[in-house]
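Visitor: So here's input21.cif, just mmCIF, C-alpha atoms:
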```
data_my_file
#
loop_
_atom_site.label_atom_id
_atom_site.label_comp_id
_atom_site.auth_asym_id
_atom_site.auth_seq_id
_atom_site.Cartn_x
_atom_site.Cartn_y
_atom_site.Cartn_z
CA MET N 14 23.68 39.42 -1.61
CA THR N 15 25.43 36.12 -2.27
CA PRO N 16 28.31 36.47 -4.76
CA LEU N 17 27.48 35.05 -8.16
CA ARG N 18 30.24 32.46 -8.13
CA VAL N 19 29.18 31.12 -4.72
CA SER N 20 25.60 31.02 -5.91
CA ILE N 21 26.50 28.96 -8.98
CA VAL N 22 28.64 26.48 -7.02
CA ALA N 23 25.93 26.10 -4.37
CA ALA N 24 23.28 25.54 -7.04
CA ILE N 25 25.37 22.82 -8.69
CA ALA N 26 26.02 21.17 -5.33
CA SER N 27 22.33 21.10 -4.39
CA CYS N 28 21.38 19.75 -7.83
CA GLY N 29 23.99 17.05 -7.26
CA LEU N 30 22.43 16.20 -3.90
CA LEU N 31 18.96 16.02 -5.45
CA LEU N 32 20.27 13.73 -8.18
CA VAL N 33 21.89 11.40 -5.64
CA ILE N 34 18.63 11.23 -3.66
CA PHE N 35 16.71 10.50 -6.84
CA GLU N 36 19.10 7.75 -7.87
CA LEU N 37 18.95 6.16 -4.40
CA MET N 38 15.15 6.13 -4.61
CA ARG N 39 15.19 4.77 -8.14
CA SER N 40 17.45 1.88 -7.21
CA ARG N 41 15.30 1.20 -4.13
CA ARG N 42 18.06 1.87 -1.64
CA LEU N 43 16.03 4.70 -0.10
CA GLN N 44 12.35 4.36 0.73
CA GLU N 45 10.12 7.23 -0.35
CA ARG N 46 8.93 8.03 3.14
CA TYR N 47 12.49 8.68 4.31
CA ALA N 48 13.45 10.42 1.10
CA LEU N 49 10.87 13.18 1.53
CA LEU N 50 12.88 14.93 4.26
CA TRP N 51 16.02 14.78 2.13
CA LEU N 52 14.20 16.07 -0.91
CA LEU N 53 12.95 19.00 1.16
CA THR N 54 16.52 19.70 2.31
CA GLY N 55 17.81 19.62 -1.25
CA ILE N 56 15.06 21.89 -2.51
CA VAL N 57 15.61 24.45 0.28
CA MET N 58 19.34 24.45 -0.52
CA LEU N 59 18.61 25.01 -4.17
CA VAL N 60 16.23 27.88 -3.42
CA LEU N 61 18.81 29.54 -1.16
CA ALA N 62 21.45 29.18 -3.84
CA LEU N 63 19.36 30.63 -6.67
CA TRP N 64 17.46 33.30 -4.78
CA ARG N 65 20.49 35.31 -3.85
CA ASP N 66 18.67 37.84 -1.66
CA ALA N 67 17.17 35.16 0.53
CA LEU N 68 19.98 34.70 3.02
CA GLY N 69 20.32 38.44 3.63
CA ARG N 70 16.59 38.79 4.17
CA ILE N 71 16.39 35.85 6.55
CA ALA N 72 19.39 37.18 8.48
CA ASP N 73 17.73 40.61 8.65
CA LEU N 74 14.49 39.12 9.82
CA VAL N 75 16.04 37.13 12.64
CA GLY N 76 18.54 39.82 13.53
CA ILE N 77 21.76 38.10 12.46
CA ALA N 78 24.41 40.65 11.49
CA TYR N 79 26.50 38.36 9.31
CA PRO N 80 24.29 36.65 6.63
CA PRO N 81 26.41 33.51 6.16
CA SER N 82 25.75 32.73 9.83
CA ALA N 83 22.09 32.41 8.93
CA LEU N 84 23.11 29.64 6.56
CA PHE N 85 24.86 27.76 9.36
CA VAL N 86 21.90 28.18 11.65
CA LEU N 87 19.58 26.88 8.97
CA GLY N 88 21.89 23.98 8.16
CA ALA N 89 22.29 23.02 11.80
CA PHE N 90 18.53 23.12 12.24
CA PHE N 91 17.93 20.77 9.30
CA ILE N 92 20.54 18.35 10.55
CA LEU N 93 18.89 18.39 13.96
CA VAL N 94 15.50 17.60 12.45
CA VAL N 95 16.89 14.76 10.36
CA LEU N 96 18.71 13.30 13.36
CA LEU N 97 15.63 13.54 15.54
CA HIS N 98 13.65 11.81 12.81
CA TYR N 99 16.23 9.03 12.74
CA SER N 100 16.02 8.59 16.48
CA THR N 101 12.29 7.96 16.20
CA VAL N 102 12.88 5.53 13.34
CA ILE N 103 15.54 3.64 15.29
CA SER N 104 13.29 3.48 18.35
CA LYS N 105 10.51 1.97 16.27
CA LEU N 106 12.86 -0.50 14.61
CA SER N 107 14.33 -1.74 17.89
CA GLU N 108 10.84 -2.09 19.32
CA GLN N 109 9.81 -4.18 16.33
CA ASN N 110 13.02 -6.17 16.46
CA ILE N 111 12.24 -7.20 20.03
CA ARG N 112 8.75 -8.26 19.10
CA LEU N 113 9.99 -10.24 16.10
CA ALA N 114 12.49 -12.09 18.29
CA GLN N 115 9.76 -12.86 20.82
CA ARG N 116 7.39 -14.12 18.11
CA ILE N 117 10.07 -16.36 16.61
CA ALA N 118 11.04 -17.77 20.03
CA LEU N 119 7.39 -18.57 20.80
CA LEU N 120 6.85 -20.12 17.37
CA GLU N 121 10.00 -22.23 17.68
CA ALA N 122 8.88 -23.46 21.08
CA ARG N 123 5.47 -24.40 19.67
CA LEU N 124 7.12 -26.10 16.67
CA GLY N 125 9.31 -28.15 18.99
CA GLU N 126 6.24 -29.15 20.98
CA LYS N 127 4.46 -30.28 17.80
CA ARG N 128 7.49 -32.18 16.59
CA SER N 129 7.87 -34.13 19.82
CA GLU N 130 4.16 -34.99 19.58
CA ILE N 131 4.70 -36.55 16.14
CA GLU N 132 7.93 -38.44 16.89
CA PRO N 133 7.85 -39.39 20.55
CA MET R 9 -32.77 -30.00 4.54
CA THR R 10 -33.99 -29.18 1.05
CA GLU R 11 -34.63 -25.66 2.16
CA VAL R 12 -31.05 -25.33 3.26
CA LEU R 13 -29.86 -26.63 -0.09
CA GLN R 14 -32.02 -24.16 -1.94
CA THR R 15 -30.66 -21.20 -0.04
CA LEU R 16 -27.10 -22.34 -0.62
CA PRO R 17 -26.00 -20.59 -3.79
CA ARG R 18 -24.32 -22.54 -6.54
CA PRO R 19 -20.95 -21.16 -7.66
CA LEU R 20 -22.01 -18.30 -9.92
CA ASP R 21 -19.59 -19.26 -12.60
CA ASP R 22 -18.81 -22.89 -13.44
CA ARG R 23 -15.29 -21.89 -14.41
CA LEU R 24 -14.68 -20.84 -10.82
CA ALA R 25 -15.38 -24.31 -9.47
CA THR R 26 -12.24 -25.80 -11.02
CA LEU R 27 -9.95 -23.05 -9.76
CA ARG R 28 -8.19 -22.74 -6.42
CA ARG R 29 -9.48 -19.42 -5.18
CA VAL R 30 -8.62 -17.25 -2.22
CA ALA R 31 -10.06 -14.09 -0.74
CA ILE R 32 -7.48 -11.80 0.86
CA VAL R 33 -9.00 -9.64 3.61
CA PRO R 34 -6.61 -7.18 5.25
CA ALA R 35 -8.00 -6.02 8.59
CA LEU R 36 -6.99 -3.48 11.19
CA ASN R 37 -9.38 -3.23 14.13
CA GLU R 38 -12.42 -4.43 12.19
CA GLU R 39 -14.05 -6.69 14.82
CA GLY R 40 -17.39 -5.01 14.15
CA SER R 41 -17.61 -5.70 10.44
CA LEU R 42 -15.26 -8.58 9.68
CA GLY R 43 -17.75 -11.32 10.58
CA ARG R 44 -20.25 -9.98 8.10
CA VAL R 45 -17.62 -9.74 5.36
CA ILE R 46 -16.60 -13.37 5.88
CA ASP R 47 -20.23 -14.54 5.90
CA GLU R 48 -20.96 -12.66 2.69
CA ILE R 49 -17.96 -14.11 0.88
CA ARG R 50 -19.05 -17.60 1.95
CA ARG R 51 -22.57 -16.91 0.79
CA PHE R 52 -21.27 -15.86 -2.60
CA ASP R 53 -19.06 -18.93 -2.97
CA PRO R 54 -18.21 -21.32 -0.12
CA GLY R 55 -15.22 -22.55 -2.12
CA PHE R 56 -13.19 -19.46 -1.37
CA GLN R 57 -10.36 -19.86 1.10
CA ILE R 58 -10.64 -16.72 3.21
CA VAL R 59 -7.34 -15.37 4.47
CA VAL R 60 -7.60 -12.58 7.01
CA VAL R 61 -4.35 -10.68 7.46
CA ASP R 62 -4.55 -9.00 10.84
CA ASP R 63 -2.28 -5.97 10.62
CA GLY R 64 -1.60 -5.59 14.33
CA SER R 65 -5.16 -5.04 15.56
CA THR R 66 -5.68 -4.17 19.19
CA ASP R 67 -9.29 -5.38 19.25
CA ARG R 68 -10.75 -8.85 18.76
CA THR R 69 -10.32 -8.87 14.97
CA ALA R 70 -8.27 -12.09 14.91
CA GLN R 71 -10.63 -13.94 17.28
CA VAL R 72 -13.66 -12.90 15.25
CA ALA R 73 -12.02 -14.15 12.06
CA GLU R 74 -10.93 -17.43 13.68
CA GLY R 75 -14.43 -17.88 15.08
CA LYS R 76 -15.80 -17.65 11.56
CA GLY R 77 -13.34 -20.29 10.39
CA ALA R 78 -11.14 -17.98 8.33
CA TYR R 79 -7.42 -18.64 7.96
CA VAL R 80 -5.88 -15.90 10.09
CA VAL R 81 -2.39 -14.53 9.60
CA ARG R 82 -1.47 -12.26 12.49
CA LEU R 83 1.29 -9.79 11.82
CA PRO R 84 3.38 -9.18 14.96
CA PHE R 85 2.92 -5.42 14.61
CA ASN R 86 1.33 -2.94 12.25
CA LEU R 87 3.11 -3.03 8.90
CA GLY R 88 0.78 -0.76 6.97
CA ILE R 89 -1.89 -1.89 4.56
CA GLY R 90 0.47 -2.50 1.61
CA SER R 91 2.62 -5.03 3.42
CA ALA R 92 -0.45 -6.67 4.96
CA VAL R 93 -2.01 -7.20 1.53
CA GLN R 94 1.29 -8.50 0.18
CA THR R 95 1.38 -11.07 2.97
CA GLY R 96 -1.94 -12.33 1.62
CA TYR R 97 -0.54 -12.55 -1.89
CA GLN R 98 2.50 -14.44 -0.56
CA TYR R 99 0.16 -16.95 1.06
CA ALA R 100 -1.72 -17.26 -2.24
CA TYR R 101 1.49 -17.74 -4.18
CA GLU R 102 3.03 -20.31 -1.84
CA ASN R 103 -0.17 -22.33 -1.72
CA ASP R 104 -0.66 -22.34 -5.48
CA TYR R 105 -3.90 -20.43 -5.74
CA ASP R 106 -5.14 -19.65 -9.25
CA VAL R 107 -7.17 -16.59 -8.49
CA ALA R 108 -7.23 -14.10 -5.62
CA VAL R 109 -9.70 -11.41 -4.72
CA GLN R 110 -8.85 -8.55 -2.41
CA ILE R 111 -11.68 -7.38 -0.16
CA ASP R 112 -11.53 -4.82 2.65
CA GLY R 113 -12.59 -5.93 6.12
CA ASP R 114 -14.82 -2.91 6.69
CA CYS R 115 -17.83 -4.01 4.58
CA GLN R 116 -17.20 -1.30 1.98
CA HIS R 117 -16.90 -3.93 -0.69
CA ASP R 118 -20.00 -5.93 -1.47
CA PRO R 119 -19.10 -9.59 -2.17
CA SER R 120 -22.20 -9.86 -4.38
CA GLU R 121 -20.18 -7.73 -6.83
CA LEU R 122 -17.53 -10.46 -7.03
CA PRO R 123 -18.85 -11.86 -10.34
CA ALA R 124 -18.24 -8.45 -11.92
CA ILE R 125 -14.59 -8.23 -10.90
CA LEU R 126 -13.92 -11.93 -11.46
CA GLY R 127 -15.42 -11.90 -14.95
CA PRO R 128 -12.50 -10.46 -16.94
CA VAL R 129 -10.02 -12.72 -15.09
CA LEU R 130 -12.07 -15.82 -15.88
CA ASP R 131 -12.49 -14.68 -19.48
CA GLY R 132 -8.71 -14.40 -19.73
CA LEU R 133 -9.04 -10.71 -20.60
CA ALA R 134 -7.08 -9.34 -17.67
CA ASP R 135 -4.50 -10.22 -15.03
CA VAL R 136 -5.70 -7.58 -12.59
CA VAL R 137 -9.28 -6.33 -12.37
CA ILE R 138 -10.11 -3.20 -10.40
CA GLY R 139 -13.60 -2.50 -9.09
CA SER R 140 -14.22 1.19 -9.73
CA ARG R 141 -16.55 3.42 -7.74
CA PHE R 142 -16.73 5.96 -10.53
CA ALA R 143 -17.25 3.90 -13.65
CA GLY R 144 -21.03 4.00 -13.44
CA ALA R 145 -22.57 1.64 -10.91
CA GLY R 146 -24.05 3.11 -7.74
CA VAL R 147 -23.29 6.42 -6.09
CA TYR R 148 -20.15 6.96 -4.10
CA ARG R 149 -20.19 9.77 -1.58
CA ALA R 150 -17.09 11.13 0.09
CA GLU R 151 -15.69 14.44 1.17
CA LEU R 152 -14.62 16.77 -1.60
CA THR R 153 -10.89 16.55 -0.80
CA ARG R 154 -10.97 12.77 -0.80
CA ARG R 155 -12.80 12.65 -4.12
CA PHE R 156 -10.37 15.19 -5.52
CA GLY R 157 -7.42 13.03 -4.43
CA ILE R 158 -8.94 9.92 -5.95
CA ARG R 159 -9.56 11.70 -9.25
CA LEU R 160 -6.10 13.23 -9.29
CA PHE R 161 -4.49 9.83 -8.87
CA ALA R 162 -6.77 8.39 -11.53
CA ARG R 163 -5.61 11.07 -13.99
CA VAL R 164 -1.92 10.63 -13.19
CA VAL R 165 -2.05 6.84 -13.27
CA SER R 166 -4.10 6.78 -16.50
CA ALA R 167 -1.46 8.95 -18.14
CA ILE R 168 1.38 6.71 -16.95
CA VAL R 169 -0.16 3.37 -17.89
CA GLY R 170 -1.73 4.69 -21.10
CA GLN R 171 -5.16 3.34 -20.29
CA ARG R 172 -8.19 5.16 -18.92
CA LEU R 173 -8.79 4.24 -15.28
CA THR R 174 -11.28 6.06 -13.08
CA ASP R 175 -10.49 4.70 -9.63
CA THR R 176 -6.94 3.56 -8.95
CA SER R 177 -7.26 3.79 -5.18
CA SER R 178 -9.96 1.12 -5.01
CA SER R 179 -8.71 -1.99 -3.25
CA PHE R 180 -11.56 -4.20 -4.48
CA ARG R 181 -9.63 -6.34 -6.93
CA ALA R 182 -9.37 -9.72 -8.60
CA VAL R 183 -5.99 -11.08 -9.64
CA ASN R 184 -4.95 -14.17 -11.57
CA ARG R 185 -1.92 -16.42 -11.05
CA ARG R 186 0.44 -14.10 -12.94
CA GLY R 187 -0.71 -11.15 -10.85
CA ILE R 188 -0.38 -13.14 -7.64
CA ALA R 189 3.24 -14.00 -8.51
CA VAL R 190 4.11 -10.35 -9.18
CA PHE R 191 2.41 -8.97 -6.07
CA ALA R 192 3.89 -11.69 -3.84
CA ALA R 193 7.35 -10.61 -4.91
CA ASP R 194 6.91 -6.85 -5.20
CA TYR R 195 4.28 -4.62 -3.65
CA PRO R 196 4.38 -1.05 -2.37
CA HIS R 197 4.60 -0.31 1.36
CA GLY R 198 2.44 1.94 3.45
CA TYR R 199 -0.92 3.47 2.71
CA LEU R 200 -2.58 4.40 -0.59
CA GLU R 201 -0.62 1.46 -1.91
CA THR R 202 -3.21 0.53 -4.52
CA VAL R 203 -2.28 3.56 -6.63
CA GLU R 204 1.36 2.49 -6.84
CA ALA R 205 0.36 -1.15 -7.22
CA THR R 206 -1.68 -0.27 -10.29
CA VAL R 207 1.24 1.42 -12.01
CA MET R 208 3.57 -1.38 -10.90
CA ALA R 209 1.27 -4.02 -12.36
CA ALA R 210 1.29 -2.25 -15.71
CA LYS R 211 5.09 -1.99 -15.59
CA TYR R 212 5.38 -5.73 -15.05
CA GLY R 213 3.31 -6.20 -18.17
CA LEU R 214 0.14 -7.29 -16.41
CA CYS R 215 -3.06 -6.54 -18.24
CA LEU R 216 -5.35 -4.22 -16.27
CA HIS R 217 -9.09 -3.99 -16.50
CA GLU R 218 -11.59 -1.83 -14.69
CA VAL R 219 -15.21 -2.71 -13.99
CA PRO R 220 -17.89 -0.57 -12.35
CA VAL R 221 -19.02 -1.70 -8.91
CA ALA R 222 -21.28 -0.20 -6.28
CA MET R 223 -19.70 0.26 -2.89
CA ARG R 224 -21.27 0.68 0.51
CA MET R 225 -20.54 3.19 3.19
CA ARG R 226 -18.39 1.92 6.04
CA ALA R 227 -20.43 -0.19 8.43
CA ALA R 228 -18.19 0.06 11.48
CA GLY R 229 -14.85 1.46 12.49
CA ARG R 230 -13.25 4.58 11.13
CA SER R 231 -10.89 5.22 8.30
CA THR R 232 -7.41 4.57 9.65
CA LEU R 233 -6.06 7.72 8.05
CA THR R 234 -6.29 11.22 9.45
CA THR R 235 -6.29 14.19 7.10
CA SER R 236 -2.66 15.17 7.69
CA MET R 237 -1.56 11.57 7.21
CA SER R 238 -3.57 11.36 3.99
CA THR R 239 -1.84 14.47 2.71
CA PHE R 240 1.56 13.08 3.61
CA TYR R 241 0.84 9.77 1.88
CA ALA R 242 -0.74 11.46 -1.13
CA PHE R 243 2.47 13.45 -1.55
CA LYS R 244 4.59 10.36 -0.95
CA VAL R 245 2.69 8.42 -3.59
CA LEU R 246 3.09 11.22 -6.14
CA VAL R 247 6.86 11.24 -5.54
CA ALA R 248 6.92 7.44 -5.70
CA LEU R 249 4.99 7.44 -8.98
CA PHE R 250 7.43 9.95 -10.45
CA VAL R 251 10.50 7.98 -9.38
CA GLY R 252 8.79 4.79 -10.53
CA LEU R 253 8.78 6.16 -14.06
CA PHE R 254 12.55 5.79 -14.12
CA ARG R 255 12.68 2.43 -12.39
CA ARG R 256 13.20 -0.89 -14.05
CA THR R 257 11.06 -3.71 -12.70
CA ALA R 258 12.67 -5.78 -10.00
CA PRO R 259 14.64 -8.51 -11.79
CA HIS R 260 13.70 -11.31 -9.41
CA VAL R 261 10.08 -11.29 -10.53
CA GLU R 262 10.62 -11.37 -14.26
CA GLU R 263 11.68 -14.98 -14.19
CA GLU R 264 8.87 -16.72 -12.41
CA ARG R 265 9.71 -19.60 -10.16
#
```
In structure tokens, how does this file's structure come out?

Guide:
Amino acid sequence: MTPLRVSIVAAIASCGLLLVIFELMRSRRLQERYALLWLLTGIVMLVLALWRDALGRIADLVGIAYPPSALFVLGAFFILVVLLHYSTVISKLSEQNIRLAQRIALLEARLGEKRSEIEP
Amino acid sequence: MTEVLQTLPRPLDDRLATLRRVAIVPALNEEGSLGRVIDEIRRFDPGFQIVVVDDGSTDRTAQVAEGKGAYVVRLPFNLGIGSAVQTGYQYAYENDYDVAVQIDGDCQHDPSELPAILGPVLDGLADVVIGSRFAGAGVYRAELTRRFGIRLFARVVSAIVGQRLTDTSSSFRAVNRRGIAVFAADYPHGYLETVEATVMAAKYGLCLHEVPVAMRMRAAGRSTLTTSMSTFYAFKVLVALFVGLFRRTAPHVEEER
């Protein structure tokens, strides 16, 4: 079982994380669709902090002898998921960036054509 | 010739004739139904400028719209319905339109219901008028989960804006100049955007009004949302509504240009 003091500190830390996420969303620096993954992370952290048996049980279930290791495994997994998510987001953004540049170049070319028609 | 004149409808409301009016039609792969929508809007009132915002269609949506003489804005890639609609409002704002109606490109919305949703705007009673499927007129059929979602949002939104609304996810809307200015500057992204837009409008101090309208079943094409996507967006919108409660309105809209 997680020691009480650790549990309290962890709970405060995860509440802090949730608050930061909320504030970022409120001030529009974080879009809701990207915030959902972070909210999930924060909530899982909070649950693990408050439900003090959880880590031991998860460790038991997976066959990890030392419960805190389960925490690291879980943490590493979440970070992996978030990173993978970002990779897909970046891919989409760069794709769109290319298409925007192409559109602008084509529009500029057409604008130049029109302009030279007006003032020969 | 006289026959043609007789079949041409007069503007249904004289007050409309003096206003610059625009119909915003967001469309994603609606080549099968868009032509009919445009024809029906024209039949209702030929004075409407029809702006089709093509949200990255892969079919002949843009060509169909151009063929019908609509003003077509092609987005370079799919931005999601919210941003497509906002593009329409930006066009309306920049070109000084007095009144805008929002009509889906899939024939769900019947342009002969336009007088109903335009009425409160013309009477000066509302800035934003929402055509509701559940306020009385006609029968709306949908799967249970979809209806449940619509009702849930209606409850939540009604509680937030302090006004009873039955159908906040309807995108059949009429908006006056004030509403156009707000939506051009600030509009939610993604899908199910109408729910957030309703709350946003109330937050900006726009006066909302709901009128009953009958809607048709989709004529062509399929709903762009799958069930898992709907669930994701439903959840997203609920979170957004919650956060929105603590948000001040964007400062750049409060002082109108």

Visitor: For Asp63 in chain R, which residue among R:Val93, R:Ala134, R:Val183, R:Met208 is the nearest when counting all atoms listed in the file?

Guide: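 Closest candidate: R:Val93.
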
Visitor: Please evaluate the PyMOL selection byres ((chain N) within 12 of (chain R)) against the displayed coordinates and give the resulting residues as number ranges by chain.

Guide: N: 32, 34-41, 43-50, 52-53, 105-106, 108-117, 119-120

Visitor: Applied to the shown file, which residues does the PyMOL selection byres ((chain R and resi 109) around 12) return, written as a VMD selection string?

Guide: chain R and resid 28 to 34 49 56 to 60 93 96 to 97 100 105 to 108 110 to 112 117 119 121 to 127 129 135 to 139 179 to 185 187 to 188

Visitor: In Å, rounded to a single decimal, give me how far CA of Ser140 in chain R is from CA of Ala25 in chain R.

Guide: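 Here the two named atoms are 25.5 Å from each other.
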
Visitor: Would you mind listing what lies within 6 Å of range 69-74 of chain R as a PDB file with C-alpha atoms, in the coordinates of the input, with only C-alpha atoms counted and same-chain residues fewer than 4 positions away left out?

Guide:
```
ATOM      1  CA  ASN R  37      -9.380  -3.230  14.130  1.00  0.00           C
ATOM      2  CA  GLU R  38     -12.420  -4.430  12.190  1.00  0.00           C
ATOM      3  CA  GLU R  39     -14.050  -6.690  14.820  1.00  0.00           C
ATOM      4  CA  ALA R  78     -11.140 -17.980   8.330  1.00  0.00           C
TER       5      ALA R  78
END
```

Visitor: One decimal, in Å: what's the spacing between CA of Met14 in chain N and CA of Ile56 in chain N?

Guide: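 Computing it gives 19.6 Å between the two atoms.
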
Visitor: Could you check the closest approach to Ala89 in chain N for each of N:Glu121, N:Leu68, N:Thr54, N:Arg128 and tell me which residue wins, using only C-alpha atoms?

Guide: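 The answer is N:Thr54, which sits nearest to Ala89 in chain N.
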
Visitor: Could you give me, as a PyMOL selection string, the residues that have an atom at most 12 Å away from the point (-1.6, 9.4, -16.4) in the coordinates of the file, using all atoms listed in the file?

Guide: chain R and resi 159-174+176+203+206-207+246+249-250+253

Visitor: Measure the distance from CA of Arg50 in chain R to CA of Val190 in chain R in Å and round it to one decimal.

Guide: 26.7 Å

Visitor: Please write the residues picked by the PyMOL selection byres ((chain N and resi 77-85) around 12) on this file as a list of chain:residue names.

Guide: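 Applying the expression gives N:Met14, N:Thr15, N:Pro16, N:Val19, N:Ala23, N:Val57, N:Met58, N:Leu61, N:Ala62, N:Arg65, N:Asp66, N:Ala67, N:Leu68, N:Gly69, N:Arg70, N:Ile71, N:Ala72, N:Asp73, N:Leu74, N:Val75, N:Gly76, N:Val86, N:Leu87, N:Gly88, N:Ala89, N:Phe90, N:Phe91, N:Ile92.
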
Visitor: Write out as a PDB file with C-alpha atoms, in the coordinates of the input which residues come within 9 Å of Ile25 in chain N when counting all atoms listed in the file, dropping same-chain ones fewer than 5 positions away.

Guide:
```pdb
ATOM      1  CA  SER N  20      25.600  31.020  -5.910  1.00  0.00           C
ATOM      2  CA  LEU N  30      22.430  16.200  -3.900  1.00  0.00           C
ATOM      3  CA  LEU N  59      18.610  25.010  -4.170  1.00  0.00           C
ATOM      4  CA  ALA N  62      21.450  29.180  -3.840  1.00  0.00           C
TER       5      ALA N  62
END
```

Visitor: Enclose all atoms of range 19-37 of chain N listed in the file in an axis-aligned box, grow every side by 8 Å, and hand back centre and edge lengths in Å to one decimal, as lines of an AutoDock Vina configuration file.

Guide:
```
center_x = 22.9
center_y = 18.6
center_z = -6.3
size_x = 28.5
size_y = 41.0
size_z = 21.3
```

Visitor: Using all atoms listed in the file, pick whichever of R:Arg141, R:Arg82, R:His217, R:Arg186 has the shortest atom-to-atom distance to Ser65 in chain R.

Guide: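 Nearest to Ser65 in chain R: R:Arg82.
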